[in-house]
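Next comes model06.pdb, a file with PDB, C-alpha atoms.
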```pdb
ATOM      1  CA  ARG A 338      16.057  -0.668  15.014
ATOM      2  CA  SER A 339      16.342   0.297  11.361
ATOM      3  CA  VAL A 340      14.221  -1.722   8.950
ATOM      4  CA  LEU A 341      16.940  -1.630   6.271
ATOM      5  CA  LEU A 342      19.866  -2.541   8.532
ATOM      6  CA  PRO A 343      20.980  -6.124   7.797
ATOM      7  CA  PRO A 344      21.178  -8.395  10.873
ATOM      8  CA  GLN A 345      24.640  -8.615  12.463
ATOM      9  CA  GLY A 346      26.393 -11.627  13.842
ATOM     10  CA  LEU A 347      25.886 -12.681  17.464
ATOM     11  CA  GLY A 348      27.392 -10.062  19.754
ATOM     12  CA  ALA A 349      28.481  -7.873  16.849
ATOM     13  CA  GLY A 350      27.316  -4.322  16.289
ATOM     14  CA  PRO A 351      27.033  -2.429  13.005
ATOM     15  CA  THR A 352      30.211  -0.714  11.826
ATOM     16  CA  SER A 353      30.331   2.983  10.974
ATOM     17  CA  GLU A 354      30.529   2.049   7.298
ATOM     18  CA  THR A 355      27.425  -0.119   7.622
ATOM     19  CA  LEU A 356      25.555   2.648   9.425
ATOM     20  CA  HIS A 357      26.542   5.161   6.735
ATOM     21  CA  ALA A 358      25.361   2.831   3.965
ATOM     22  CA  ASN A 359      22.142   2.168   5.846
ATOM     23  CA  ALA A 360      21.491   5.892   6.306
ATOM     24  CA  TYR A 361      21.784   6.282   2.539
ATOM     25  CA  ARG A 362      19.362   3.400   1.910
ATOM     26  CA  GLU A 363      16.879   4.812   4.404
ATOM     27  CA  SER A 364      17.093   8.240   2.788
ATOM     28  CA  LEU A 365      16.489   6.673  -0.611
ATOM     29  CA  ALA A 366      13.523   4.653   0.649
ATOM     30  CA  LEU A 367      11.920   7.689   2.314
ATOM     31  CA  SER A 368      12.439   9.860  -0.766
ATOM     32  CA  LEU A 369      10.827   7.173  -2.907
ATOM     33  CA  PHE A 370       8.008   6.802  -0.378
ATOM     34  CA  TYR A 371       7.141  10.506  -0.480
ATOM     35  CA  TYR A 372       7.444  10.581  -4.272
ATOM     36  CA  VAL A 373       5.043   7.658  -4.709
ATOM     37  CA  VAL A 374       2.538   8.815  -2.069
ATOM     38  CA  GLU A 375       2.484  12.296  -3.595
ATOM     39  CA  GLY A 376       1.703  10.741  -6.974
ATOM     40  CA  VAL A 377      -1.061   8.619  -5.457
ATOM     41  CA  ILE A 378      -2.593  11.672  -3.744
ATOM     42  CA  TYR A 379      -2.490  13.768  -6.924
ATOM     43  CA  SER A 380      -4.038  10.988  -8.996
ATOM     44  CA  GLU A 381      -6.722  10.291  -6.406
ATOM     45  CA  LYS A 382      -7.521  14.003  -6.086
ATOM     46  CA  GLN A 383      -8.039  14.279  -9.841
ATOM     47  CA  ARG A 384     -10.367  11.279  -9.762
ATOM     48  CA  LEU A 385     -12.328  12.594  -6.772
ATOM     49  CA  ASP A 386     -12.591  16.124  -8.206
ATOM     50  CA  GLN A 387     -14.035  14.706 -11.419
ATOM     51  CA  ARG A 388     -16.471  12.547  -9.478
ATOM     52  CA  GLN A 389     -17.499  15.539  -7.354
ATOM     53  CA  ALA A 390     -18.089  17.645 -10.466
ATOM     54  CA  ASP A 391     -20.237  14.871 -11.952
ATOM     55  CA  GLU A 392     -22.257  14.572  -8.740
ATOM     56  CA  ILE A 393     -22.806  18.338  -8.566
ATOM     57  CA  ARG A 394     -24.084  18.377 -12.157
ATOM     58  CA  LEU A 395     -26.378  15.472 -11.353
ATOM     59  CA  ALA A 396     -27.632  17.166  -8.170
ATOM     60  CA  THR A 397     -28.326  20.372 -10.105
ATOM     61  CA  ALA A 398     -30.256  18.487 -12.763
ATOM     62  CA  VAL A 399     -32.295  16.537 -10.217
ATOM     63  CA  LEU A 400     -32.930  19.326  -7.716
ATOM     64  CA  GLY A 401     -33.657  21.994 -10.296
ATOM     65  CA  SER A 402     -32.771  25.327  -8.746
ATOM     66  CA  ALA A 403     -29.436  26.510  -7.382
ATOM     67  CA  GLN A 404     -31.081  27.159  -4.015
ATOM     68  CA  GLN A 405     -32.341  23.601  -3.745
ATOM     69  CA  GLN A 406     -28.931  22.339  -4.809
ATOM     70  CA  GLN A 407     -27.218  24.346  -2.092
ATOM     71  CA  GLN A 408     -29.598  22.970   0.525
ATOM     72  CA  GLN A 409     -29.148  19.343  -0.495
ATOM     73  CA  GLN A 410     -25.599  19.318  -1.874
ATOM     74  CA  GLN A 411     -23.976  18.050   1.331
ATOM     75  CA  GLN A 412     -26.279  15.064   1.307
ATOM     76  CA  TYR A 413     -25.264  13.906  -2.154
ATOM     77  CA  VAL A 414     -21.775  15.166  -2.968
ATOM     78  CA  LEU A 415     -18.625  13.579  -1.619
ATOM     79  CA  ASN A 416     -15.871  15.678  -0.049
ATOM     80  CA  PRO A 417     -12.513  14.986  -1.771
ATOM     81  CA  ALA A 418     -10.555  16.665   1.038
ATOM     82  CA  ALA A 419     -12.176  14.402   3.629
ATOM     83  CA  VAL A 420     -11.477  11.283   1.542
ATOM     84  CA  LEU A 421      -7.805  12.218   1.073
ATOM     85  CA  SER A 422      -7.456  13.101   4.745
ATOM     86  CA  THR A 423      -8.809   9.686   5.696
ATOM     87  CA  MET A 424      -6.393   7.989   3.317
ATOM     88  CA  LEU A 425      -3.387   9.900   4.668
ATOM     89  CA  SER A 426      -4.343   9.112   8.264
ATOM     90  CA  ASN A 427      -4.581   5.394   7.490
ATOM     91  CA  ASP A 428      -1.513   3.880   9.154
ATOM     92  CA  VAL A 429      -1.962   0.540   7.400
ATOM     93  CA  PHE A 430      -1.964   2.208   3.968
ATOM     94  CA  LEU A 431       1.134   4.271   4.748
ATOM     95  CA  ALA A 432       3.017   1.333   6.287
ATOM     96  CA  SER A 433       2.095  -0.859   3.303
ATOM     97  CA  MET A 434       3.366   1.736   0.845
ATOM     98  CA  LEU A 435       6.570   2.157   2.859
ATOM     99  CA  ALA A 436       6.991  -1.625   2.797
ATOM    100  CA  CYS A 437       6.686  -1.633  -0.999
ATOM    101  CA  VAL A 438       9.283   1.062  -1.652
ATOM    102  CA  SER A 439      11.620  -0.342   1.011
ATOM    103  CA  GLN A 440      11.358  -3.727  -0.683
ATOM    104  CA  LEU A 441      12.558  -2.101  -3.904
ATOM    105  CA  VAL A 442      15.572  -0.617  -2.094
ATOM    106  CA  VAL A 443      16.353  -3.959  -0.445
ATOM    107  CA  PHE A 444      16.269  -5.686  -3.825
ATOM    108  CA  ALA A 445      18.324  -2.970  -5.549
ATOM    109  CA  PHE A 446      21.084  -3.292  -2.944
ATOM    110  CA  ASN A 447      20.945  -7.105  -2.816
ATOM    111  CA  ILE A 448      20.292  -7.286   0.923
ATOM    112  CA  HIS A 449      19.500 -10.990   0.959
ATOM    113  CA  THR A 450      19.109 -11.066   4.746
ATOM    114  CA  LEU A 451      15.966  -8.998   4.232
ATOM    115  CA  ASP A 452      14.313 -11.147   1.585
ATOM    116  CA  PHE A 453      10.543 -10.808   1.374
ATOM    117  CA  PRO A 454       8.551 -10.688   3.657
ATOM    118  CA  ALA A 455      11.163  -9.467   6.157
ATOM    119  CA  VAL A 456      10.447  -5.789   5.459
ATOM    120  CA  PRO A 457       6.656  -5.885   5.977
ATOM    121  CA  ASP A 458       7.249  -8.005   9.072
ATOM    122  CA  ALA A 459       9.645  -5.409  10.475
ATOM    123  CA  LEU A 460       7.114  -2.647   9.791
ATOM    124  CA  GLY A 461       4.332  -4.612  11.462
ATOM    125  CA  VAL A 462       2.163  -4.815   8.362
ATOM    126  CA  HIS A 463       0.733  -8.057   7.006
ATOM    127  CA  PRO A 464       1.766  -8.917   3.415
ATOM    128  CA  PHE A 465      -1.947  -8.973   2.523
ATOM    129  CA  HIS A 466      -2.109  -5.195   2.957
ATOM    130  CA  THR A 467       1.093  -4.764   0.968
ATOM    131  CA  ALA A 468      -0.459  -6.569  -1.992
ATOM    132  CA  LEU A 469      -3.321  -4.052  -2.035
ATOM    133  CA  VAL A 470      -0.993  -1.124  -2.780
ATOM    134  CA  VAL A 471       1.437  -2.780  -5.215
ATOM    135  CA  ASP A 472      -0.390  -1.522  -8.317
ATOM    136  CA  ALA A 473      -0.579   2.042  -6.951
ATOM    137  CA  CYS A 474       3.107   1.936  -6.091
ATOM    138  CA  LEU A 475       4.083   0.671  -9.535
ATOM    139  CA  ALA A 476       1.900   3.274 -11.263
ATOM    140  CA  HIS A 477       3.664   6.162  -9.529
ATOM    141  CA  LEU A 478       7.317   5.136  -9.520
ATOM    142  CA  PRO A 479       9.767   7.701 -10.960
ATOM    143  CA  PRO A 480      10.315   7.631 -14.736
ATOM    144  CA  GLY A 481      13.226   5.413 -15.649
ATOM    145  CA  CYS A 482      12.792   3.067 -12.712
ATOM    146  CA  PRO A 483      14.431  -0.226 -13.797
ATOM    147  CA  ASP A 484      12.078  -2.903 -15.039
ATOM    148  CA  SER A 485      13.859  -5.426 -12.822
ATOM    149  CA  LEU A 486      12.618  -3.580  -9.728
ATOM    150  CA  LYS A 487       9.052  -3.483 -11.031
ATOM    151  CA  GLN A 488       9.224  -7.181 -11.854
ATOM    152  CA  HIS A 489      10.503  -7.922  -8.358
ATOM    153  CA  LEU A 490       7.584  -6.100  -6.754
ATOM    154  CA  LYS A 491       5.156  -7.983  -8.995
ATOM    155  CA  ALA A 492       6.851 -11.224  -7.968
ATOM    156  CA  CYS A 493       6.358 -10.280  -4.308
ATOM    157  CA  GLU A 494       2.684  -9.652  -5.014
ATOM    158  CA  GLU A 495       2.322 -13.082  -6.600
ATOM    159  CA  THR A 496       4.033 -14.672  -3.594
ATOM    160  CA  ILE A 497       1.549 -12.932  -1.315
ATOM    161  CA  VAL A 498      -1.390 -14.138  -3.405
ATOM    162  CA  GLU A 499      -0.043 -17.686  -3.508
ATOM    163  CA  LYS A 500       1.121 -18.012   0.079
ATOM    164  CA  TYR A 501       1.473 -15.234   2.613
ATOM    165  CA  ALA A 502      -2.056 -13.816   2.458
ATOM    166  CA  TRP A 503      -3.421 -17.165   3.563
ATOM    167  CA  THR A 504      -0.982 -18.008   6.363
ATOM    168  CA  GLY A 505      -0.599 -17.000   9.992
ATOM    169  CA  ILE A 506      -3.121 -16.400  12.740
ATOM    170  CA  ASP A 507      -2.940 -12.706  11.844
ATOM    171  CA  SER A 508      -4.055 -13.188   8.238
ATOM    172  CA  PRO A 509      -6.669 -10.466   7.543
ATOM    173  CA  ILE A 510      -8.314 -12.531   4.832
ATOM    174  CA  LEU A 511      -8.726 -15.526   7.145
ATOM    175  CA  ALA A 512      -9.333 -13.632  10.388
ATOM    176  CA  SER A 513     -11.746 -15.376  12.727
ATOM    177  CA  PRO A 514     -13.357 -14.124  15.964
ATOM    178  CA  ALA A 515     -12.369 -17.442  17.516
ATOM    179  CA  ILE A 516      -8.685 -16.472  17.286
ATOM    180  CA  PRO A 517      -7.375 -14.003  19.896
ATOM    181  CA  ALA A 518      -6.686 -10.461  18.613
ATOM    182  CA  SER A 519      -3.004 -10.878  19.418
ATOM    183  CA  SER A 520      -0.759 -13.783  20.165
ATOM    184  CA  PRO A 521       2.767 -14.199  21.583
ATOM    185  CA  GLY A 522       5.421 -14.587  18.936
ATOM    186  CA  THR A 523       3.899 -12.284  16.353
ATOM    187  CA  GLN A 524       4.636  -8.595  15.870
ATOM    188  CA  ARG A 525       1.399  -7.855  14.051
ATOM    189  CA  GLN A 526      -2.112  -7.513  15.379
ATOM    190  CA  ARG A 527      -4.821  -9.453  13.633
ATOM    191  CA  GLN A 528      -7.073  -7.011  11.791
ATOM    192  CA  PRO A 529      -9.827  -8.569   9.662
ATOM    193  CA  ALA A 530      -9.900  -7.262   6.117
ATOM    194  CA  SER A 531     -12.804  -5.016   5.219
ATOM    195  CA  LYS A 532     -15.259  -6.254   2.597
ATOM    196  CA  ALA A 533     -13.861  -3.730   0.119
ATOM    197  CA  SER A 534     -10.245  -4.801   0.750
ATOM    198  CA  ALA A 535     -11.121  -8.481   0.574
ATOM    199  CA  GLY A 536     -13.039  -7.886  -2.650
ATOM    200  CA  ARG A 537     -10.124  -6.045  -4.255
ATOM    201  CA  PHE A 538      -7.722  -8.761  -3.180
ATOM    202  CA  LEU A 539      -9.881 -11.605  -4.474
ATOM    203  CA  SER A 540     -10.328  -9.700  -7.728
ATOM    204  CA  ARG A 541      -6.546  -9.537  -8.012
ATOM    205  CA  VAL A 542      -6.323 -13.263  -7.323
ATOM    206  CA  SER A 543      -8.733 -13.882 -10.207
ATOM    207  CA  SER A 544      -6.742 -11.574 -12.519
ATOM    208  CA  LEU A 545      -3.465 -13.355 -11.782
ATOM    209  CA  ALA A 546      -5.106 -16.723 -12.281
ATOM    210  CA  ALA A 547      -6.483 -15.575 -15.645
ATOM    211  CA  GLU A 548      -3.052 -14.314 -16.712
ATOM    212  CA  ARG A 549      -1.497 -17.695 -15.974
ATOM    213  CA  THR A 550      -4.091 -19.648 -17.913
ATOM    214  CA  HIS A 551      -3.590 -17.663 -21.130
TER     215      HIS A 551
END
```

Represent the structure contained in this file as structure tokens.
Amino acid sequence: RSVLLPPQGLGAGPTSETLHANAYRESLALSLFYYVVEGVIYSEKQRLDQRQADEIRLATAVLGSAQQQQQQQQQYVLNPAAVLSTMLSNDVFLASMLACVSQLVVFAFNIHTLDFPAVPDALGVHPFHTALVVDACLAHLPPGCPDSLKQHLKACEETIVEKYAWTGIDSPILASPAIPASSPGTQRQRQPASKASAGRFLSRVSSLAAERTH
């Protein structure tokens, strides 16, 4: 079932007009998804290439000769292609980014039956993971994207920080081995947040708290 197709009444099916409108919304969401992910990849590649160049210079300085550098380079220098490949094969990252851009489309078309967090729920991604990619999504939106859409996504992030990240047996931030990995009635699987993800999230919590106290 389409994520962007508003729920129909009991026993009613979508009309051809509704399906046509939904196809347009899906096309828009996918186009925006690829645009944003491409921007994220390009930006990350630039960062990784610069870091690799710095590490190579450091390895050369420490190891002395070019021959020694060649022998030890693999031990010290990161592989940008491998890092990007890992990122692009991360289903949680991709689903979270798709949830973000789909949320923008939902808001732009005033689909109130899909108010947050309906979209992440439909995609099987916990809002916690969505919050981790909000900044990257906002940083790579097309030029001229309305401020109202950006503000809406920021509002969703704040709602996650305040509420949704801390609720549900599938909350990554509160995951406990005592709770079964899956439970009837939930579409998502409980996946504990990594230390890095939890650290980034808690850092964001602190930043939002600081913003509100100033």

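Counting all atoms listed in the file and comparing A:Leu539, A:Ile393, A:Leu435, A:Leu367, the residue that lies closest to Val470 (chain A) is A:Leu435.
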
For this session: Please evaluate the PyMOL selection byres ((chain A and resi 434) around 12) against the structure above and give the resulting residues as a ChimeraX atom specification.
Result: /A:366-367,369-375,377,424-425,427-433,435-441,456-457,460,462-464,466-475,477-478,490

For this session: Return the single residue from A:Ala358, A:Leu400, A:Val420, A:Cys493 that is closest to Leu385 (chain A), with distances computed using all atoms listed in the file.
Result: A:Val420

For this session: Could you jot down the CA of Arg537 (chain A) to CA of Leu451 (chain A) separation for me, Å, one decimal place?
Result: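 Taking CA of Arg537 (chain A) as the start and CA of Leu451 (chain A) as the end point, the length is 27.6 Å.
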
Problem set entry | Separation of CA of Ser508 (chain A) from CA of Ser422 (chain A), in Å and rounded to one decimal |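 So the two atoms, CA of Ser508 (chain A) and CA of Ser422 (chain A), lie 26.7 Å apart.
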
Exercise. For Ala445 (chain A), which residue among A:Gln488, A:Ser368, A:Gln389, A:Ser543 is the nearest when counting only C-alpha atoms?
Worked result: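 So, comparing all the options, the nearest one is A:Gln488.
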
For this session: Mind listing whatever residues come within 12 Å of the point (11.5, -13.8, 2.6)? Use only C-alpha atoms, file coordinates, and give them as a list of chain:residue names.
Result: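 Using only C-alpha atoms, the matching residues come out as A:Gln440, A:Val443, A:Phe444, A:Ile448, A:His449, A:Thr450, A:Leu451, A:Asp452, A:Phe453, A:Pro454, A:Ala455, A:Val456, A:Pro457, A:Asp458, A:Ala459, A:Pro464, A:Ala492, A:Cys493, A:Thr496, A:Ile497, A:Lys500, A:Tyr501.
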
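The coordinates place CA of Glu354 (chain A) at 27.3 Å from CA of His489 (chain A).
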
For this session: May I ask which of the residues A:Ile378, A:Asn416, A:Glu494, A:Thr352 is the closest one to Ala390 (chain A), counting all atoms listed in the file?
Result: A:Asn416

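With distances restricted to only C-alpha atoms, A:Phe465 is the closest residue to Arg541 (chain A) from A:Ala419, A:Lys487, A:His357, A:Phe465.
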
Exercise. Which is closer to Asn359 (chain A) than all the others in A:Pro509, A:Val442, A:Ala535, A:Gly376, using only C-alpha atoms?
Worked result: A:Val442
